[in-house]
>>> print(open('data_20.pdb').read())   # PDB, C-alpha atoms, pLDDT in the B column
MODEL        1
ATOM      1  CA  GLU A 288     -38.065  22.914  52.449  1.00 84.00           C
ATOM      2  CA  ARG A 289     -35.867  25.273  50.425  1.00 83.00           C
ATOM      3  CA  GLU A 290     -32.762  23.302  51.399  1.00 81.00           C
ATOM      4  CA  LEU A 291     -34.432  20.019  50.438  1.00 78.00           C
ATOM      5  CA  ALA A 292     -35.566  21.456  47.084  1.00 79.00           C
ATOM      6  CA  ASP A 293     -32.025  22.701  46.440  1.00 78.00           C
ATOM      7  CA  LEU A 294     -30.590  19.293  47.332  1.00 74.00           C
ATOM      8  CA  GLU A 295     -33.004  17.463  45.037  1.00 74.00           C
ATOM      9  CA  LYS A 296     -32.115  19.851  42.224  1.00 76.00           C
ATOM     10  CA  ASN A 297     -28.324  19.813  42.575  1.00 79.00           C
ATOM     11  CA  PHE A 298     -27.442  16.458  44.129  1.00 80.00           C
ATOM     12  CA  PRO A 299     -27.679  14.341  40.936  1.00 83.00           C
ATOM     13  CA  ARG A 300     -25.349  16.723  39.091  1.00 85.00           C
ATOM     14  CA  GLN A 301     -22.934  16.889  42.029  1.00 88.00           C
ATOM     15  CA  MET A 302     -22.904  13.099  42.355  1.00 91.00           C
ATOM     16  CA  LYS A 303     -22.211  12.673  38.633  1.00 92.00           C
ATOM     17  CA  ASN A 304     -19.358  15.173  38.841  1.00 93.00           C
ATOM     18  CA  SER A 305     -17.887  13.374  41.857  1.00 94.00           C
ATOM     19  CA  LEU A 306     -18.044   9.982  40.120  1.00 95.00           C
ATOM     20  CA  LEU A 307     -16.427  11.301  36.940  1.00 96.00           C
ATOM     21  CA  GLN A 308     -13.697  13.080  38.896  1.00 95.00           C
ATOM     22  CA  ALA A 309     -12.960   9.948  40.927  1.00 96.00           C
ATOM     23  CA  ALA A 310     -12.807   7.953  37.696  1.00 96.00           C
ATOM     24  CA  VAL A 311     -10.383  10.296  35.936  1.00 96.00           C
ATOM     25  CA  GLN A 312      -8.061  10.242  38.960  1.00 96.00           C
ATOM     26  CA  GLY A 313      -8.085   6.446  39.278  1.00 96.00           C
ATOM     27  CA  LEU A 314      -9.993   6.508  42.568  1.00 96.00           C
ATOM     28  CA  LEU A 315     -13.107   4.652  41.421  1.00 95.00           C
ATOM     29  CA  THR A 316     -11.568   1.235  40.797  1.00 94.00           C
ATOM     30  CA  GLU A 317      -8.768  -0.874  42.175  1.00 91.00           C
ATOM     31  CA  GLN A 318      -5.428  -0.978  40.357  1.00 90.00           C
ATOM     32  CA  LEU A 319      -4.313  -4.565  39.813  1.00 94.00           C
ATOM     33  CA  PRO A 320      -0.705  -5.733  39.238  1.00 92.00           C
ATOM     34  CA  THR A 321      -1.959  -7.902  36.378  1.00 95.00           C
ATOM     35  CA  ASP A 322      -3.108  -4.793  34.458  1.00 95.00           C
ATOM     36  CA  GLY A 323       0.415  -3.940  33.356  1.00 94.00           C
ATOM     37  CA  ASN A 324       1.530  -0.417  32.496  1.00 95.00           C
ATOM     38  CA  SER A 325      -0.267   1.940  30.138  1.00 96.00           C
ATOM     39  CA  ARG A 326       3.088   3.111  28.762  1.00 95.00           C
ATOM     40  CA  ASP A 327       3.234  -0.191  26.884  1.00 95.00           C
ATOM     41  CA  LEU A 328      -0.252   0.578  25.586  1.00 95.00           C
ATOM     42  CA  LEU A 329       0.946   3.977  24.397  1.00 96.00           C
ATOM     43  CA  LYS A 330       3.797   2.340  22.460  1.00 95.00           C
ATOM     44  CA  SER A 331       1.249   0.200  20.621  1.00 94.00           C
ATOM     45  CA  ILE A 332      -0.875   3.253  19.811  1.00 96.00           C
ATOM     46  CA  ARG A 333       2.131   5.203  18.533  1.00 94.00           C
ATOM     47  CA  ALA A 334       3.124   2.244  16.345  1.00 95.00           C
ATOM     48  CA  GLU A 335      -0.312   2.332  14.679  1.00 94.00           C
ATOM     49  CA  LYS A 336      -0.021   6.096  14.305  1.00 94.00           C
ATOM     50  CA  SER A 337       3.371   5.696  12.599  1.00 94.00           C
ATOM     51  CA  LYS A 338       1.819   3.297  10.093  1.00 94.00           C
ATOM     52  CA  LEU A 339      -0.763   5.936   9.155  1.00 92.00           C
ATOM     53  CA  VAL A 340       1.984   8.548   8.749  1.00 93.00           C
ATOM     54  CA  LYS A 341       4.004   6.225   6.491  1.00 94.00           C
ATOM     55  CA  ALA A 342       0.886   5.513   4.446  1.00 93.00           C
ATOM     56  CA  LYS A 343       0.401   9.313   4.175  1.00 89.00           C
ATOM     57  CA  LYS A 344      -3.068   9.061   5.680  1.00 87.00           C
ATOM     58  CA  ILE A 345      -2.152  11.600   8.361  1.00 88.00           C
ATOM     59  CA  LYS A 346       0.545  14.265   8.592  1.00 87.00           C
ATOM     60  CA  PRO A 347       3.430  13.828  11.046  1.00 88.00           C
ATOM     61  CA  VAL A 348       3.140  16.155  14.048  1.00 84.00           C
ATOM     62  CA  THR A 349       5.763  16.744  16.730  1.00 86.00           C
ATOM     63  CA  LEU A 350       4.048  17.088  20.096  1.00 88.00           C
ATOM     64  CA  PRO A 351       5.636  19.108  22.906  1.00 90.00           C
ATOM     65  CA  PRO A 352       6.941  17.053  25.845  1.00 92.00           C
ATOM     66  CA  ILE A 353       4.674  16.883  28.882  1.00 94.00           C
ATOM     67  CA  SER A 354       6.096  18.850  31.809  1.00 93.00           C
ATOM     68  CA  ASP A 355       5.310  18.311  35.491  1.00 93.00           C
ATOM     69  CA  ASP A 356       3.900  21.849  35.656  1.00 93.00           C
ATOM     70  CA  GLU A 357       1.097  20.849  33.272  1.00 92.00           C
ATOM     71  CA  LEU A 358      -0.179  17.933  35.337  1.00 94.00           C
ATOM     72  CA  PRO A 359      -3.474  18.902  37.022  1.00 93.00           C
ATOM     73  CA  PHE A 360      -3.562  16.025  39.543  1.00 94.00           C
ATOM     74  CA  LYS A 361      -1.931  12.749  40.481  1.00 95.00           C
ATOM     75  CA  ILE A 362      -2.791   9.503  38.722  1.00 96.00           C
ATOM     76  CA  PRO A 363      -1.887   5.875  39.554  1.00 96.00           C
ATOM     77  CA  ALA A 364       1.730   4.854  38.890  1.00 95.00           C
ATOM     78  CA  ASN A 365       0.756   2.428  36.112  1.00 96.00           C
ATOM     79  CA  TRP A 366      -1.213   5.109  34.206  1.00 97.00           C
ATOM     80  CA  CYS A 367       0.363   7.735  31.973  1.00 97.00           C
ATOM     81  CA  TRP A 368      -0.488  11.203  30.714  1.00 97.00           C
ATOM     82  CA  VAL A 369      -1.001  11.681  26.962  1.00 97.00           C
ATOM     83  CA  ARG A 370      -2.031  14.511  24.698  1.00 96.00           C
ATOM     84  CA  LEU A 371      -5.296  13.969  22.840  1.00 96.00           C
ATOM     85  CA  SER A 372      -3.554  14.015  19.447  1.00 95.00           C
ATOM     86  CA  ASP A 373      -1.186  11.321  20.733  1.00 95.00           C
ATOM     87  CA  ILE A 374      -3.995   8.779  20.618  1.00 96.00           C
ATOM     88  CA  PHE A 375      -6.640  10.329  18.339  1.00 97.00           C
ATOM     89  CA  LYS A 376      -6.916  11.491  14.762  1.00 95.00           C
ATOM     90  CA  PHE A 377      -8.854  14.782  14.581  1.00 95.00           C
ATOM     91  CA  ILE A 378     -11.493  15.038  11.856  1.00 93.00           C
ATOM     92  CA  ASP A 379     -12.539  18.678  11.639  1.00 90.00           C
ATOM     93  CA  TYR A 380     -15.065  20.161   9.200  1.00 83.00           C
ATOM     94  CA  ARG A 381     -15.155  23.685  10.556  1.00 76.00           C
ATOM     95  CA  GLY A 382     -15.472  26.234   7.775  1.00 71.00           C
ATOM     96  CA  LYS A 383     -17.306  23.715   5.607  1.00 70.00           C
ATOM     97  CA  THR A 384     -21.024  24.555   5.823  1.00 78.00           C
ATOM     98  CA  PRO A 385     -22.973  21.765   4.104  1.00 84.00           C
ATOM     99  CA  ASN A 386     -26.014  22.148   1.890  1.00 87.00           C
ATOM    100  CA  LYS A 387     -28.865  20.537   3.815  1.00 91.00           C
ATOM    101  CA  THR A 388     -31.668  18.507   2.259  1.00 93.00           C
ATOM    102  CA  ALA A 389     -34.988  17.024   3.361  1.00 92.00           C
ATOM    103  CA  ASN A 390     -33.532  13.507   3.401  1.00 94.00           C
ATOM    104  CA  GLY A 391     -30.332  11.625   2.648  1.00 95.00           C
ATOM    105  CA  VAL A 392     -27.251  11.037   4.808  1.00 95.00           C
ATOM    106  CA  PRO A 393     -27.762  12.121   8.459  1.00 96.00           C
ATOM    107  CA  LEU A 394     -25.834  15.234   9.495  1.00 95.00           C
ATOM    108  CA  ILE A 395     -24.929  15.264  13.188  1.00 95.00           C
ATOM    109  CA  THR A 396     -24.598  18.850  14.396  1.00 94.00           C
ATOM    110  CA  ALA A 397     -23.743  20.500  17.704  1.00 94.00           C
ATOM    111  CA  LYS A 398     -27.496  20.609  18.399  1.00 95.00           C
ATOM    112  CA  ASN A 399     -27.554  16.797  18.513  1.00 97.00           C
ATOM    113  CA  VAL A 400     -24.513  16.190  20.728  1.00 97.00           C
ATOM    114  CA  LYS A 401     -25.299  16.364  24.448  1.00 96.00           C
ATOM    115  CA  ALA A 402     -23.269  15.456  27.556  1.00 95.00           C
ATOM    116  CA  GLY A 403     -22.920  11.706  27.097  1.00 95.00           C
ATOM    117  CA  TYR A 404     -25.632  11.016  24.514  1.00 96.00           C
ATOM    118  CA  ASN A 405     -27.084  12.114  21.160  1.00 97.00           C
ATOM    119  CA  ASP A 406     -30.466  13.791  20.796  1.00 97.00           C
ATOM    120  CA  TYR A 407     -32.075  13.358  17.378  1.00 96.00           C
ATOM    121  CA  SER A 408     -35.202  15.401  18.009  1.00 95.00           C
ATOM    122  CA  ILE A 409     -33.711  17.790  15.428  1.00 93.00           C
ATOM    123  CA  LYS A 410     -32.855  15.904  12.222  1.00 94.00           C
ATOM    124  CA  GLU A 411     -30.839  17.250   9.315  1.00 95.00           C
ATOM    125  CA  TYR A 412     -29.509  15.585   6.168  1.00 96.00           C
ATOM    126  CA  ILE A 413     -27.116  16.073   3.266  1.00 94.00           C
ATOM    127  CA  THR A 414     -26.993  14.473  -0.181  1.00 94.00           C
ATOM    128  CA  GLU A 415     -24.856  11.434  -0.983  1.00 93.00           C
ATOM    129  CA  ASP A 416     -22.654  13.604  -3.235  1.00 91.00           C
ATOM    130  CA  GLU A 417     -22.144  16.151  -0.446  1.00 90.00           C
ATOM    131  CA  TYR A 418     -21.316  13.313   1.918  1.00 91.00           C
ATOM    132  CA  LYS A 419     -18.617  11.995  -0.431  1.00 89.00           C
ATOM    133  CA  LEU A 420     -17.085  15.464  -0.747  1.00 85.00           C
ATOM    134  CA  ARG A 421     -16.997  15.901   3.019  1.00 83.00           C
ATOM    135  CA  GLN A 422     -15.217  12.594   3.552  1.00 80.00           C
ATOM    136  CA  THR A 423     -12.003  14.017   2.072  1.00 80.00           C
ATOM    137  CA  ARG A 424     -11.011  15.245   5.538  1.00 80.00           C
ATOM    138  CA  GLY A 425     -11.678  11.881   7.133  1.00 86.00           C
ATOM    139  CA  ILE A 426     -14.459   9.345   7.459  1.00 89.00           C
ATOM    140  CA  SER A 427     -16.307   9.633  10.769  1.00 91.00           C
ATOM    141  CA  ALA A 428     -17.540   6.245  11.951  1.00 94.00           C
ATOM    142  CA  LYS A 429     -19.856   4.661  14.500  1.00 96.00           C
ATOM    143  CA  GLY A 430     -18.103   4.503  17.865  1.00 97.00           C
ATOM    144  CA  ASP A 431     -15.990   7.647  17.305  1.00 98.00           C
ATOM    145  CA  ILE A 432     -16.025  10.449  19.882  1.00 98.00           C
ATOM    146  CA  LEU A 433     -17.966  13.600  18.943  1.00 98.00           C
ATOM    147  CA  PHE A 434     -16.809  16.829  20.616  1.00 97.00           C
ATOM    148  CA  THR A 435     -18.616  20.173  20.236  1.00 96.00           C
ATOM    149  CA  THR A 436     -16.196  23.057  19.769  1.00 94.00           C
ATOM    150  CA  GLU A 437     -18.718  25.872  20.233  1.00 92.00           C
ATOM    151  CA  ALA A 438     -22.409  26.669  20.727  1.00 87.00           C
ATOM    152  CA  PRO A 439     -22.286  24.696  22.993  1.00 93.00           C
ATOM    153  CA  LEU A 440     -18.655  24.133  23.953  1.00 94.00           C
ATOM    154  CA  GLY A 441     -17.536  20.843  25.485  1.00 95.00           C
ATOM    155  CA  ASN A 442     -20.418  18.445  24.960  1.00 97.00           C
ATOM    156  CA  VAL A 443     -19.147  14.935  24.237  1.00 98.00           C
ATOM    157  CA  SER A 444     -20.890  11.800  22.966  1.00 98.00           C
ATOM    158  CA  ILE A 445     -20.239   8.580  21.083  1.00 98.00           C
ATOM    159  CA  ALA A 446     -21.337   8.387  17.434  1.00 97.00           C
ATOM    160  CA  ASP A 447     -24.132   5.804  17.233  1.00 97.00           C
ATOM    161  CA  LEU A 448     -25.134   5.909  13.558  1.00 96.00           C
ATOM    162  CA  GLU A 449     -23.724   3.531  10.950  1.00 95.00           C
ATOM    163  CA  LYS A 450     -23.384   6.323   8.386  1.00 95.00           C
ATOM    164  CA  PHE A 451     -23.321  10.070   9.027  1.00 95.00           C
ATOM    165  CA  SER A 452     -21.368  13.266   8.571  1.00 93.00           C
ATOM    166  CA  ALA A 453     -20.366  15.570  11.427  1.00 93.00           C
ATOM    167  CA  GLY A 454     -21.259  19.255  11.292  1.00 90.00           C
ATOM    168  CA  GLN A 455     -18.857  22.181  11.270  1.00 87.00           C
ATOM    169  CA  ARG A 456     -18.982  22.777  15.045  1.00 91.00           C
ATOM    170  CA  ILE A 457     -17.983  19.196  15.865  1.00 94.00           C
ATOM    171  CA  ILE A 458     -14.564  17.568  15.948  1.00 95.00           C
ATOM    172  CA  THR A 459     -14.528  13.794  15.563  1.00 96.00           C
ATOM    173  CA  LEU A 460     -11.882  12.004  17.632  1.00 97.00           C
ATOM    174  CA  GLN A 461     -10.912   8.723  15.967  1.00 96.00           C
ATOM    175  CA  ALA A 462      -8.582   6.383  17.849  1.00 96.00           C
ATOM    176  CA  PHE A 463      -5.384   5.386  16.040  1.00 96.00           C
ATOM    177  CA  ASP A 464      -5.587   1.970  17.704  1.00 95.00           C
ATOM    178  CA  LYS A 465      -9.189   1.067  18.528  1.00 93.00           C
ATOM    179  CA  THR A 466      -8.083  -2.049  20.401  1.00 94.00           C
ATOM    180  CA  SER A 467      -6.100   0.016  22.920  1.00 95.00           C
ATOM    181  CA  VAL A 468      -8.542   2.805  23.783  1.00 97.00           C
ATOM    182  CA  ASN A 469     -12.079   2.548  25.163  1.00 97.00           C
ATOM    183  CA  ASN A 470     -13.788   5.575  23.611  1.00 98.00           C
ATOM    184  CA  LYS A 471     -16.565   5.541  26.189  1.00 98.00           C
ATOM    185  CA  LEU A 472     -13.990   5.949  28.939  1.00 98.00           C
ATOM    186  CA  ILE A 473     -12.403   8.904  27.131  1.00 98.00           C
ATOM    187  CA  MET A 474     -15.882  10.419  26.735  1.00 98.00           C
ATOM    188  CA  PHE A 475     -16.379  10.174  30.493  1.00 97.00           C
ATOM    189  CA  PHE A 476     -12.946  11.707  31.099  1.00 97.00           C
ATOM    190  CA  LEU A 477     -13.695  14.604  28.728  1.00 97.00           C
ATOM    191  CA  LEU A 478     -16.943  15.267  30.608  1.00 96.00           C
ATOM    192  CA  SER A 479     -15.173  15.320  33.979  1.00 95.00           C
ATOM    193  CA  GLY A 480     -14.859  18.538  35.972  1.00 93.00           C
ATOM    194  CA  ALA A 481     -11.069  18.544  35.569  1.00 93.00           C
ATOM    195  CA  PHE A 482     -11.222  18.528  31.776  1.00 95.00           C
ATOM    196  CA  GLN A 483     -14.156  20.947  31.570  1.00 94.00           C
ATOM    197  CA  LYS A 484     -12.248  23.355  33.834  1.00 93.00           C
ATOM    198  CA  MET A 485      -9.226  23.113  31.527  1.00 92.00           C
ATOM    199  CA  LEU A 486     -11.534  23.824  28.599  1.00 93.00           C
ATOM    200  CA  ALA A 487     -13.020  26.892  30.305  1.00 92.00           C
ATOM    201  CA  GLN A 488      -9.535  28.265  31.001  1.00 91.00           C
ATOM    202  CA  ARG A 489      -8.389  27.926  27.375  1.00 90.00           C
ATOM    203  CA  LYS A 490     -11.532  28.844  25.473  1.00 91.00           C
ATOM    204  CA  THR A 491     -11.662  31.842  23.161  1.00 88.00           C
ATOM    205  CA  GLY A 492     -14.492  34.253  22.411  1.00 83.00           C
ATOM    206  CA  THR A 493     -16.858  36.137  24.689  1.00 74.00           C
ATOM    207  CA  THR A 494     -20.261  36.109  22.996  1.00 78.00           C
ATOM    208  CA  VAL A 495     -19.729  32.558  21.720  1.00 84.00           C
ATOM    209  CA  ALA A 496     -17.139  30.494  23.607  1.00 87.00           C
ATOM    210  CA  GLY A 497     -15.095  28.084  21.508  1.00 92.00           C
ATOM    211  CA  ILE A 498     -11.874  26.095  21.343  1.00 93.00           C
ATOM    212  CA  LYS A 499      -9.510  25.769  18.384  1.00 90.00           C
ATOM    213  CA  ALA A 500      -8.458  22.319  17.226  1.00 90.00           C
ATOM    214  CA  ASP A 501      -4.747  23.134  17.624  1.00 91.00           C
ATOM    215  CA  LYS A 502      -5.305  23.900  21.309  1.00 92.00           C
ATOM    216  CA  LEU A 503      -7.536  20.889  21.870  1.00 94.00           C
ATOM    217  CA  LYS A 504      -4.944  18.553  20.359  1.00 94.00           C
ATOM    218  CA  ASN A 505      -2.502  19.438  23.143  1.00 94.00           C
ATOM    219  CA  PHE A 506      -4.927  18.858  26.015  1.00 95.00           C
ATOM    220  CA  LEU A 507      -3.742  16.270  28.529  1.00 96.00           C
ATOM    221  CA  ILE A 508      -5.742  13.211  29.478  1.00 96.00           C
ATOM    222  CA  PRO A 509      -4.862  10.179  31.642  1.00 97.00           C
ATOM    223  CA  LEU A 510      -4.525   6.810  29.930  1.00 98.00           C
ATOM    224  CA  PRO A 511      -5.110   3.744  32.170  1.00 97.00           C
ATOM    225  CA  PRO A 512      -4.167   0.169  31.203  1.00 97.00           C
ATOM    226  CA  LEU A 513      -6.822  -1.455  29.011  1.00 97.00           C
ATOM    227  CA  ALA A 514      -8.162  -3.811  31.702  1.00 96.00           C
ATOM    228  CA  GLU A 515      -8.750  -0.896  34.056  1.00 97.00           C
ATOM    229  CA  GLN A 516     -10.335   1.142  31.272  1.00 97.00           C
ATOM    230  CA  GLU A 517     -12.956  -1.590  31.007  1.00 97.00           C
ATOM    231  CA  ARG A 518     -13.474  -1.736  34.791  1.00 97.00           C
ATOM    232  CA  ILE A 519     -13.959   2.017  35.065  1.00 97.00           C
ATOM    233  CA  VAL A 520     -16.538   2.040  32.255  1.00 98.00           C
ATOM    234  CA  ALA A 521     -18.410  -0.876  33.861  1.00 97.00           C
ATOM    235  CA  LYS A 522     -18.430   0.918  37.223  1.00 96.00           C
ATOM    236  CA  LEU A 523     -19.666   4.202  35.739  1.00 96.00           C
ATOM    237  CA  ASP A 524     -22.309   2.407  33.668  1.00 96.00           C
ATOM    238  CA  ALA A 525     -23.598   0.894  36.905  1.00 95.00           C
ATOM    239  CA  LEU A 526     -23.426   4.042  39.074  1.00 94.00           C
ATOM    240  CA  LEU A 527     -24.339   6.965  36.815  1.00 93.00           C
ATOM    241  CA  PRO A 528     -27.931   5.797  36.170  1.00 91.00           C
ATOM    242  CA  LEU A 529     -28.479   5.795  39.957  1.00 87.00           C
ATOM    243  CA  CYS A 530     -27.959   9.569  39.900  1.00 85.00           C
ATOM    244  CA  GLU A 531     -31.121  10.000  37.816  1.00 75.00           C
ATOM    245  CA  PHE A 532     -34.025  10.494  40.200  1.00 58.00           C
TER     246      PHE A 532
ENDMDL
END
>>> encode(input="data_20.pdb", output="structure tokens")
Amino acid sequence: ERELADLEKNFPRQMKNSLLQAAVQGLLTEQLPTDGNSRDLLKSIRAEKSKLVKAKKIKPVTLPPISDDELPFKIPANWCWVRLSDIFKFIDYRGKTPNKTANGVPLITAKNVKAGYNDYSIKEYITEDEYKLRQTRGISAKGDILFTTEAPLGNVSIADLEKFSAGQRIITLQAFDKTSVNNKLIMFFLLSGAFQKMLAQRKTGTTVAGIKADKLKNFLIPLPPLAEQERIVAKLDALLPLCEF
């Protein structure tokens, strides 16, 4: 009876972890020759990033080359490894504590962002003027990835409000080329055991664990071809709900 109770308690979590790990390693779906190579996808993303640099909307950053020693596991031959800041703009409001009001523009905080979804049982707001001031660092948008940097560390969700501002313990990841990256797939990858382990190894702080944006920007993540990105998301959307029982 104890073993059965333990199984019922832990099996859903273990199954979710196994599915996410299989997905991030390219073991959940079939690789098709028609998918092409994600290196071509990366060229397209970098071209869009260059346009933003030329328009002075983002600052140019030289990323360190990816060495074989950094690679945590093997991925399919037509995938490629990228650093998070290779494909995402980071919108970070840490150090900017907003003045909260009874109503106004929704403020999404680390209390709202859970592992794969947003919980709005706690609602906070800021004024329209405060919202405009906070947009100077970047305009978070519906569909962006929300990543909690501390208290708690490593929760990831997709922004689902038309208009909002992210709190100071959240980094918004905004794709340079939204047509080349499925944010839901990246959310799943960031929630995988491999990425969460990497996060645990590089966190700072003892009482309150956290990660600095400069470190997070250099984290590695696999990038599949776009067609396979869509297949992986469809497969996970079908399988993950079956783990809830």
>>> resolve_selection(input="data_20.pdb", expression="the PyMOL selection byres ((chain A and resi 462) around 8)", output="PyMOL selection string")
chain A and resi 374-376+431+460-461+463-465+468+470
>>> closest_residue(input="data_20.pdb", among="A:Glu335, A:Asp356, A:Asp379, A:Asp373", to="Thr436 in chain A", atoms="only C-alpha atoms")
A:Asp379
>>> resolve_selection(input="data_20.pdb", expression="the PyMOL selection byres ((chain A and resi 382) around 12)", output="PyMOL selection string")
chain A and resi 379-381+383-385+421+454-458
>>> write_last_selection(input="data_20.pdb", atoms="C-alpha atoms", output="CSV table (one decimal), in the frame of the given file")
chain,number,residue,atom,x,y,z
A,379,ASP,CA,-12.5,18.7,11.6
A,380,TYR,CA,-15.1,20.2,9.2
A,381,ARG,CA,-15.2,23.7,10.6
A,383,LYS,CA,-17.3,23.7,5.6
A,384,THR,CA,-21.0,24.6,5.8
A,385,PRO,CA,-23.0,21.8,4.1
A,421,ARG,CA,-17.0,15.9,3.0
A,454,GLY,CA,-21.3,19.3,11.3
A,455,GLN,CA,-18.9,22.2,11.3
A,456,ARG,CA,-19.0,22.8,15.0
A,457,ILE,CA,-18.0,19.2,15.9
A,458,ILE,CA,-14.6,17.6,15.9
>>> residues_near_point(input="data_20.pdb", point="(-30.9, 8.9, 38.7)", cutoff="10 Å", atoms="all atoms listed in the file", output="list in words")
Phe298, Pro299, Arg300, Met302, Lys303, Leu526, Leu527, Pro528, Leu529, Cys530, Glu531 and Phe532 of chain A
>>> resolve_selection(input="data_20.pdb", expression="the PyMOL selection byres ((chain A and resi 417) around 10)", output="list in words")
Pro385, Asn386, Lys387, Gly391, Val392, Tyr412, Ile413, Thr414, Glu415, Asp416, Tyr418, Lys419, Leu420, Arg421, Gln422 and Ser452 of chain A
>>> atom_distance(input="data_20.pdb", atom1="CA of Met485 in chain A", atom2="CA of Phe451 in chain A")
29.6 Å
>>> atom_distance(input="data_20.pdb", atom1="CA of Ile409 in chain A", atom2="CA of Ser479 in chain A")
26.3 Å
>>> atom_distance(input="data_20.pdb", atom1="CA of Gln516 in chain A", atom2="CA of Lys346 in chain A")
28.4 Å
